[in-house]
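Novice: Take this structure, written in structure tokens, and hold onto it; I'll ask about it next.
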Amino acid sequence: MSLGSVRNPPPFLDSEDQEPEYDTGDLDSDDGEEIFTGTSNKPFVSTPPETDPSSDIFSEEGSYTVQKHTAPKTNGVQSDEELDLFAEATVELTLTAPNSRGRKEIIGPTEPLSTTVNTHGKLHVANTSNKPSEEVEEEESGDTFELNIAVTNPEKMGDGMNAYMTYKVSTQTTLPAFRSKTFSVRRRFSDFLGLYEKLSVKYNLMGCIIPPPPQKSVVGMTKVKVGKEDPSSAEFVEKRRAALERYLQRVVSHPALLQDSDVQEFLEREELPRAVNTQALSGSGFLKMINKASDAVNKMTIKMNESDNWFESKLQEVENEEQLLRRLHASVDSLVNHRKELCSNTAMFAKSVAMLGSSEENSALSRALSQLAEVEDKLEQLHQEQAFSDFFTLTELLADYLRLLGAVRGCFEQRMKAWQRWQEAQSTLQKKREAEAKLLWSNKPDKLQQAKEDITEWEAKVGQCERDFERISSTLRKEVHRFEKEKCRDFKHHIVKYLESLLRSQHRLVKCWEAFLPEAKAIV
Amino acid sequence: MIISGLFKFSCLYKKVNFVLFFVVDQLRSVSVDLNNDSSLLIDIPDALCERDKVKFTVHTKTTLNSFQKPDFSVSRQHEDFIWLHDTLVETEEYAGLIIPPAPPKPDFESPREKMHKLGEGEATMTKEEYTKMKQELEAEYLAVFKKTVQVHEIFLQRLSSHPNLSKDRNFQIFLEYDQDLSVRRKNAKEMFGGFFKNMVKSADEVLISGIKDVDEFFEQEKTFLLDYFSKIKDSTAKAEKMTRSHKNVADDYIHISATLNSIAADDNTALKQHLEKFAELLEKLRKVEGRVASDQELKLTELLRYYMRDIQAAKDLLYRRARALADYENSNKALDKARLKSKDVAQAEENQKQCLLKFDKLSESGKKELTSFKGRRVVAFRKNLIEMAELEIKHAKQCVILHSTCIDLMDSSFIFAVVQVRGRR
């Protein structure tokens with residue numbers, strides 16, 4: 001895979017891939033009438049075969065894979081496939097008997113499902129360019145506005161140690177806040193980090209859970225900078241691209257963040273000022289490290305008087321979950337590694353059997369052995385794809401959620417800090433009141449005025465702190481609910497996706513061996 | 001802990017005797033020249049693993065008069081088999097035959113090491129995970145055990161079905177002598193002789209690969225066998241690595257399944273059921289994957305390994321013939337020298353005649369053996385490759401069913417779960 005390569009369009013022919021999840025979207029929709037926006041031909045946003053190359057990004061049904069940026073004629077082909085897709089989607093549902101009927105009963109009368117583009121930034125499973133990419137399950141949009149994001153086309157700019165990768169961020173939307181319907185900009189990794197910095201400054205105090213960006217990696221980037229076009233650096237770029245895409249999708253799926261001007265600017269503006277305070281070795285980098293250290297100390301010293309047990313138990317849950325997810329992540333990682341090992345061992349075995357077959361004197365056996373070598377070769381490819389699927393579907397999901405849970409914990413900490421501020425304000429107010437009482441006693445009228453002013457000031461502050469604390473508590477509660485819902489959906493989606501990939505590879509395994517069997521039987 | 005594991009393991013073995021019978025029946029297919037002559041039937045119905053030694057019970061049933069009893073059993077160790085093999089190889093009479101390869105030494109190193117590592121890592125796993133891993137390891141022990149019994153048994157069965165070798169006196173002693181054979185086995189001096197023999201063997205390699213044979217058949221065979229041997233050796237090693245990786249993947253599923261169960265236990269959202277189902281699936285999956293790995297091991301890796309050894313035995317035959325040829329040529333030279341000196345001519349002539357006779361006999365029986373070997377090999381490959389392909393298909397289809405059921409379950413249950421959530425809202 002070369003850097004900057006374009007992905008192939010996903011094969012929409014495999015009907016097992018199409019399990020449109022229109023229902024979950026329906027049930028999620030707040031607007032009840034919107035559930036069956038499906039007369040069979042609800043236009044979905046990306047349809048009209050646009051000649052605008054940027055819309056190539058949004059292929060049929062909002063799957064976030066990139067199309068070839070070639071002539072518009074590919075668009076035409078795609079729209080044919082899109083329509084076929086619908087037909088297939090309908091057929092699929094009626095065939096899977098108990099499930100579909102079950103679904104129908106729950107949902108009520110349905111038409112062929114309009115699987116429109118999803119606003120909630122459905123997570124995308126990335127694959128390397130040379131493998132057929134996997135489908136994204138669709139959800140019917142409940143909201144009236146739509147926004148899709150794709151991050152594609154990594155390109156290396158500059159040379160040597162000053163080189164960096166830029167990624168194309170393409171947006172397609174019907175939101176009125178944006179100037180046009182489809183547009184794209186190029187961004188580099190530090191821009192993403194800068195966005196996160198800005199958002200966390202703004203929203204941390206409000207108790208919103210801000211999705212954290214992918215991590216910096218000096219090793220990975222250095223390899224890319226040095227310019228080695230080997231598969232590991234290509235893999236690194238692909239991993240990063242997919243992670244950035246998921247990051248942006250999570251950001252825009254948050255209703256508050258979507259409205260934020262910084263986010264909109266990030267998506268729209270041609271040139272962003274370089275975000276310098278994201279560099280690890282800068283002054284602000286050190287500042288951040290110091291802040292983190294002091295936070296850690298603070299955490300140990302604050303003992304919060306929790307009035308609401310919900311927060312305490314929730315925090316405990318989050319911490320437990322983080323621990324378990326970490327363990328799961330390690331196990332899945334080891335699975336990926338072992339599968340990669342299996343893949344390379346199978347390749348070596350295949351070569352060895354081919355050599356054996358070539359030196360075999362019995363011609364039928366020789367043919368069978370070369371067939372065996374071919375089968376093992378195919379298996380190797382299978383294992384390779386499965387390893388990628390393992391990785392991108394499961395491992396990255398878990399890594400993302402580990403970071404997200406960290407962000408959730410951070411919000412809880414913010415709430416504790418707000419409480420602490422409130423308490424401090426209260427104690428300062430108390431001190432001021434005592435000072436006033438003392439002054440009353442000692443009868444110094446000029447200072448008294450000052451003291452009274454102080455008290456009013458601090459009373460206001462206390463009120464403000466209390467309101468802040470209440471607000472952060474209630475926002476946090478809502479946010480946690482939203483987070484849990486989304487996590488549920490995410491995990492479920494990915495588990496099913498993973499199972500489907502396992503299913504697919506087993507199917508192919510069966511086919512491989514069934515093709516081999518007659519050859520083996522033909523040995524004489 | 002390891003020792004107790006072995007003891008437990010031997011008890012476990014006794015319980016699954018009948019399973020062994022069945023498995024050994026299947027495994028016998030690796031070597032397919034066993035004729036159906038029931039005048040001499042040998043099998044290994046039982047074996048005991050004590051510390052490092054494996055004691056095989058060799059059971060013979062015969063209608064031949066050369067044996068004292070029609071039905072009897074003796075206890076033998078691996079070293080006894082090696083002694084028998086080496087004795088046969090050294091017997092001049094059998095120089096023109098392919099002596100069945102000696103069974104390899106029982107090797108419990110790999111599962112033992114894993115058991116050790118498991119014991120060390122016990123603290124980091126949940127109890128359920130640990131039990132499952134232990135079960136897996138015990139199964140692996142058992143598999144190694146079964147395999148070693150199988151190769152020893154096949155060795156004896158090939159001997160018994162060979163028209164010449166089955167009548168060998170030492171073979172009879174091996175089967176019948178009801179006491180410990182160690183008195184007849186190699187002592188230290190002979191061990192050293194064995195080392196010397198290996199050196200001679202490598203000289204043999206040079207000998208036969210250098211000279212071009214006059215006889216077309218043997219020339220072809222030589223080229224083929226030399227080449228094929230190195231290739232099959234390579235394939236065996238690679239197949240072993242591949243099967244091991246497969247096993248590792250299956251083991252990983254255990255860990256993932258266990259962790260998922262822990263997460264599901266804590267979770268009380270709609271996700272709980274999914275995680276549980278997923279964990280269940282992985283548990284079933286790893287069993288299938290484990291079976292895939294072990295079937296591959298039996299049908300493919302064992303096949304390659306066995307024929308690698310067999311080809312080595314065929315090569316040994318060629319070496320012996322080459323040596324006989326060298327002897328004959330030497331005797332010719334000696335005869336010429338004797339004629340020149342007019343001394344001991346008659347003796348030299350006699351010597352030369354003997355050498356020629358020996359060489360011709362070797363060549364004749366060698367040709368027969370090598371031809372039948374060819375046929376045997378092809379049949380064995382065919383059988384095993386077919387069986388392996390069929391097993392792979394069976395397992396993959398089973399996986400497909402497991403996966404689709406799980407996906408269906410997930411989809412339907414999720415709908416219900418989400419409906420409930422909606423209702424609450």
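For the structure tokens, the naming scheme is as follows: chains receive sequential letters (A, B, ...) according to their order of presentation, residues are indexed from 1 within each chain, and ligands are indexed from 1 in presentation order.
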Could you please tell me, as a PyMOL selection string, which residues of chain B have an atom within 7 Å of chain A when using only C-alpha atoms?
Specialist: chain B and resi 228+231-232+234-235+238-239+241-242+245-246+248-249+252+255-256+259+263+270-271+274+378+382+385-386+389+392-393+396-397+399-400+403+407+412+422
Novice: Any idea what's packed within 7 Å of Thr182 in chain A, counting only C-alpha atoms, ignoring anything in its chain fewer than 2 positions away? Could you give it as a list of chain:residue names?
Specialist: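 Counting only C-alpha atoms, the residues come to A:Ser55, A:Thr171, A:Gln172, A:Thr173, A:Ser180.
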Novice: Mind listing the strand (DSSP E) residues of range 58-245 of chain B, per DSSP on the backbone, as a list in words?
Specialist: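 Here are the strand (DSSP E) residues of range 58-245 of chain B: Val58, His59, Thr60, Lys61, Thr62, Asp71, Phe72, Ser73, Val74, Ser75, Arg76 and Gln77 of chain B.
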Novice: Emit the selected residues as a CSV table (one decimal), in the first residue's frame, including N, CA, C and O atoms.
Specialist:
```csv
chain,number,residue,atom,x,y,z
B,58,VAL,N,3.1,-53.9,25.1
B,58,VAL,CA,3.1,-54.5,23.7
B,58,VAL,C,2.3,-55.8,23.8
B,58,VAL,O,2.7,-56.8,24.4
B,59,HIS,N,1.2,-55.9,23.0
B,59,HIS,CA,0.4,-57.0,23.1
B,59,HIS,C,0.4,-57.8,21.8
B,59,HIS,O,0.2,-57.2,20.7
B,60,THR,N,0.7,-59.1,21.8
B,60,THR,CA,0.8,-59.9,20.6
B,60,THR,C,-0.2,-61.0,20.6
B,60,THR,O,-0.5,-61.6,21.6
B,61,LYS,N,-0.8,-61.1,19.4
B,61,LYS,CA,-1.8,-62.2,19.2
B,61,LYS,C,-1.3,-63.0,17.9
B,61,LYS,O,-1.2,-62.4,16.9
B,62,THR,N,-1.0,-64.3,18.1
B,62,THR,CA,-0.4,-64.9,16.9
B,62,THR,C,-0.9,-66.4,16.8
B,62,THR,O,-1.3,-67.0,17.7
B,71,ASP,N,-1.2,-65.7,22.8
B,71,ASP,CA,-1.6,-64.3,23.2
B,71,ASP,C,-0.8,-63.9,24.5
B,71,ASP,O,-0.9,-64.5,25.5
B,72,PHE,N,-0.1,-62.8,24.3
B,72,PHE,CA,0.7,-62.4,25.5
B,72,PHE,C,1.1,-60.9,25.4
B,72,PHE,O,1.0,-60.3,24.3
B,73,SER,N,1.5,-60.4,26.5
B,73,SER,CA,1.9,-59.0,26.6
B,73,SER,C,3.2,-58.8,27.3
B,73,SER,O,3.5,-59.5,28.2
B,74,VAL,N,3.9,-57.8,26.9
B,74,VAL,CA,5.2,-57.4,27.6
B,74,VAL,C,5.2,-55.9,27.8
B,74,VAL,O,4.5,-55.2,27.1
B,75,SER,N,6.1,-55.5,28.7
B,75,SER,CA,6.2,-54.1,28.9
B,75,SER,C,7.6,-53.6,28.3
B,75,SER,O,8.6,-54.2,28.6
B,76,ARG,N,7.5,-52.6,27.5
B,76,ARG,CA,8.7,-52.2,26.8
B,76,ARG,C,8.9,-50.6,27.0
B,76,ARG,O,7.9,-49.9,27.0
B,77,GLN,N,10.2,-50.2,26.9
B,77,GLN,CA,10.4,-48.8,27.0
B,77,GLN,C,10.9,-48.3,25.6
B,77,GLN,O,11.2,-49.2,24.7
```
Novice: Can you tell me, as a ChimeraX atom specification, which residues in range 260-313 of chain B count as alpha helix (DSSP H) by DSSP?
Specialist: /B:260-266,271-296,302-313
Novice: Can you write out the residues you just picked, keeping C-alpha atoms, as a CSV table (one decimal), in the first residue's frame?
Specialist:
```csv
chain,number,residue,atom,x,y,z
B,260,LEU,CA,-15.7,-10.5,28.1
B,261,ASN,CA,-17.6,-12.5,30.7
B,262,SER,CA,-16.1,-10.4,33.5
B,263,ILE,CA,-17.2,-7.2,31.7
B,264,ALA,CA,-20.6,-8.6,31.0
B,265,ALA,CA,-21.0,-9.5,34.7
B,266,ASP,CA,-20.5,-5.9,35.7
B,271,LEU,CA,-24.9,-4.5,26.0
B,272,LYS,CA,-24.7,-7.2,28.7
B,273,GLN,CA,-26.4,-9.9,26.6
B,274,HIS,CA,-24.3,-9.2,23.6
B,275,LEU,CA,-21.1,-9.5,25.5
B,276,GLU,CA,-22.3,-12.7,27.0
B,277,LYS,CA,-23.3,-14.2,23.7
B,278,PHE,CA,-20.0,-13.1,22.1
B,279,ALA,CA,-18.1,-14.7,25.0
B,280,GLU,CA,-20.1,-17.9,24.5
B,281,LEU,CA,-19.4,-17.9,20.8
B,282,LEU,CA,-15.7,-17.4,21.4
B,283,GLU,CA,-15.6,-20.3,23.8
B,284,LYS,CA,-17.2,-22.6,21.3
B,285,LEU,CA,-15.0,-21.2,18.6
B,286,ARG,CA,-11.8,-21.9,20.4
B,287,LYS,CA,-12.8,-25.6,20.7
B,288,VAL,CA,-13.3,-25.8,17.0
B,289,GLU,CA,-10.1,-24.0,16.3
B,290,GLY,CA,-8.2,-26.3,18.6
B,291,ARG,CA,-9.6,-29.2,16.8
B,292,VAL,CA,-8.6,-27.7,13.5
B,293,ALA,CA,-5.1,-27.3,14.8
B,294,SER,CA,-4.8,-30.8,16.1
B,295,ASP,CA,-6.4,-32.4,12.9
B,296,GLN,CA,-3.9,-30.5,10.8
B,302,GLU,CA,2.5,-36.2,11.0
B,303,LEU,CA,2.2,-37.4,7.5
B,304,LEU,CA,5.1,-35.3,6.4
B,305,ARG,CA,7.1,-36.2,9.5
B,306,TYR,CA,6.6,-39.9,9.0
B,307,TYR,CA,7.5,-39.9,5.4
B,308,MET,CA,10.5,-37.8,6.0
B,309,ARG,CA,11.7,-40.6,8.3
B,310,ASP,CA,10.7,-43.3,5.8
B,311,ILE,CA,12.6,-41.6,3.1
B,312,GLN,CA,15.6,-41.5,5.3
B,313,ALA,CA,15.3,-45.2,5.7
```
Novice: Can you tell me, as a PyMOL selection string, what residues are no more than 12 Å from Leu335 in chain B when counting only C-alpha atoms, ignoring any on the same chain fewer than 5 positions away?
Specialist: chain B and resi 328-330+340-353+355
Novice: Mind dumping the selected residues with N, CA and C atoms as an mmCIF file, in the first residue's frame?
Specialist:
```cif
data_model
loop_
_atom_site.group_PDB
_atom_site.id
_atom_site.type_symbol
_atom_site.label_atom_id
_atom_site.label_comp_id
_atom_site.auth_asym_id
_atom_site.auth_seq_id
_atom_site.Cartn_x
_atom_site.Cartn_y
_atom_site.Cartn_z
ATOM 1 N N TYR B 328 32.645 -54.144 -3.637
ATOM 2 C CA TYR B 328 32.875 -54.952 -4.842
ATOM 3 C C TYR B 328 34.033 -54.398 -5.663
ATOM 4 N N GLU B 329 34.044 -53.106 -5.807
ATOM 5 C CA GLU B 329 35.130 -52.502 -6.586
ATOM 6 C C GLU B 329 36.454 -52.724 -5.908
ATOM 7 N N ASN B 330 36.422 -52.606 -4.574
ATOM 8 C CA ASN B 330 37.668 -52.856 -3.846
ATOM 9 C C ASN B 330 38.131 -54.282 -4.049
ATOM 10 N N LEU B 340 48.422 -60.008 -9.972
ATOM 11 C CA LEU B 340 49.727 -59.432 -10.292
ATOM 12 C C LEU B 340 50.822 -60.092 -9.479
ATOM 13 N N LYS B 341 50.482 -60.224 -8.177
ATOM 14 C CA LYS B 341 51.498 -60.801 -7.301
ATOM 15 C C LYS B 341 51.437 -62.313 -7.304
ATOM 16 N N SER B 342 50.423 -62.871 -7.932
ATOM 17 C CA SER B 342 50.178 -64.319 -7.922
ATOM 18 C C SER B 342 50.123 -64.884 -6.532
ATOM 19 N N LYS B 343 49.484 -64.162 -5.656
ATOM 20 C CA LYS B 343 49.375 -64.626 -4.271
ATOM 21 C C LYS B 343 47.915 -64.560 -3.867
ATOM 22 N N ASP B 344 47.456 -65.601 -3.210
ATOM 23 C CA ASP B 344 46.082 -65.603 -2.678
ATOM 24 C C ASP B 344 45.033 -65.326 -3.739
ATOM 25 N N VAL B 345 45.287 -65.795 -4.938
ATOM 26 C CA VAL B 345 44.337 -65.466 -6.013
ATOM 27 C C VAL B 345 42.973 -66.081 -5.752
ATOM 28 N N ALA B 346 43.011 -67.311 -5.333
ATOM 29 C CA ALA B 346 41.728 -68.017 -5.128
ATOM 30 C C ALA B 346 40.870 -67.297 -4.089
ATOM 31 N N GLN B 347 41.567 -66.881 -3.026
ATOM 32 C CA GLN B 347 40.829 -66.182 -1.968
ATOM 33 C C GLN B 347 40.226 -64.884 -2.495
ATOM 34 N N ALA B 348 41.058 -64.163 -3.267
ATOM 35 C CA ALA B 348 40.581 -62.892 -3.807
ATOM 36 C C ALA B 348 39.408 -63.132 -4.742
ATOM 37 N N GLU B 349 39.527 -64.200 -5.561
ATOM 38 C CA GLU B 349 38.416 -64.496 -6.472
ATOM 39 C C GLU B 349 37.145 -64.779 -5.711
ATOM 40 N N GLU B 350 37.292 -65.564 -4.648
ATOM 41 C CA GLU B 350 36.126 -65.913 -3.832
ATOM 42 C C GLU B 350 35.502 -64.657 -3.246
ATOM 43 N N ASN B 351 36.383 -63.797 -2.729
ATOM 44 C CA ASN B 351 35.938 -62.540 -2.133
ATOM 45 C C ASN B 351 35.149 -61.716 -3.152
ATOM 46 N N GLN B 352 35.740 -61.650 -4.355
ATOM 47 C CA GLN B 352 35.089 -60.841 -5.375
ATOM 48 C C GLN B 352 33.721 -61.428 -5.728
ATOM 49 N N LYS B 353 33.669 -62.761 -5.828
ATOM 50 C CA LYS B 353 32.382 -63.376 -6.151
ATOM 51 C C LYS B 353 31.327 -63.057 -5.092
ATOM 52 N N CYS B 355 31.288 -60.524 -3.049
ATOM 53 C CA CYS B 355 30.882 -59.111 -3.106
ATOM 54 C C CYS B 355 29.877 -58.885 -4.224
#
```
Novice: So what do you get for CA of Val251 in chain A versus CA of Met157 in chain A, distance-wise?
Specialist: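 These atoms are spaced 26.3 Å apart.
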Novice: Restricting the calculation to only C-alpha atoms: of A:Ala177, A:Asn162, A:Ile209, A:Ala234, which residue gets closest to Ser261 in chain A?
Specialist: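 Closest to Ser261 in chain A of all the choices is A:Ala177.
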Novice: For Thr222 in chain A, which residue among A:Pro176, A:Pro273, A:Gly207, A:Gly160 is the nearest when counting only C-alpha atoms?
Specialist: A:Gly160
Novice: Which one of A:Pro214, A:Lys168, A:Ser184, A:Val297 sits closest to Ala399 in chain A if you count only C-alpha atoms?
Specialist: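 Nearest to Ala399 in chain A: A:Pro214.
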Novice: Near range 147-150 of chain B, counting only C-alpha atoms, which residues have an atom at most 9 Å away, once you skip same-chain residues fewer than 4 positions from it, shown as a PyMOL selection string?
Specialist: chain B and resi 24+27-28+44-47+56+103-107+142-143+154-155+298+302
Novice: Do you know which residues are at most 12 Å from Glu270 in chain A counting only C-alpha atoms, after dropping those on the same chain fewer than 6 positions away, and could you put them as a ChimeraX atom specification?
Specialist: /A:168-170,183-187,264
Novice: Neighbours of Lys361 in chain B within 10 Å (only C-alpha atoms; same-chain residues fewer than 6 positions away dropped), as a list in words?
Specialist: Glu93, Ala95, Gly96, Arg321, Cys355 and Lys367 of chain B
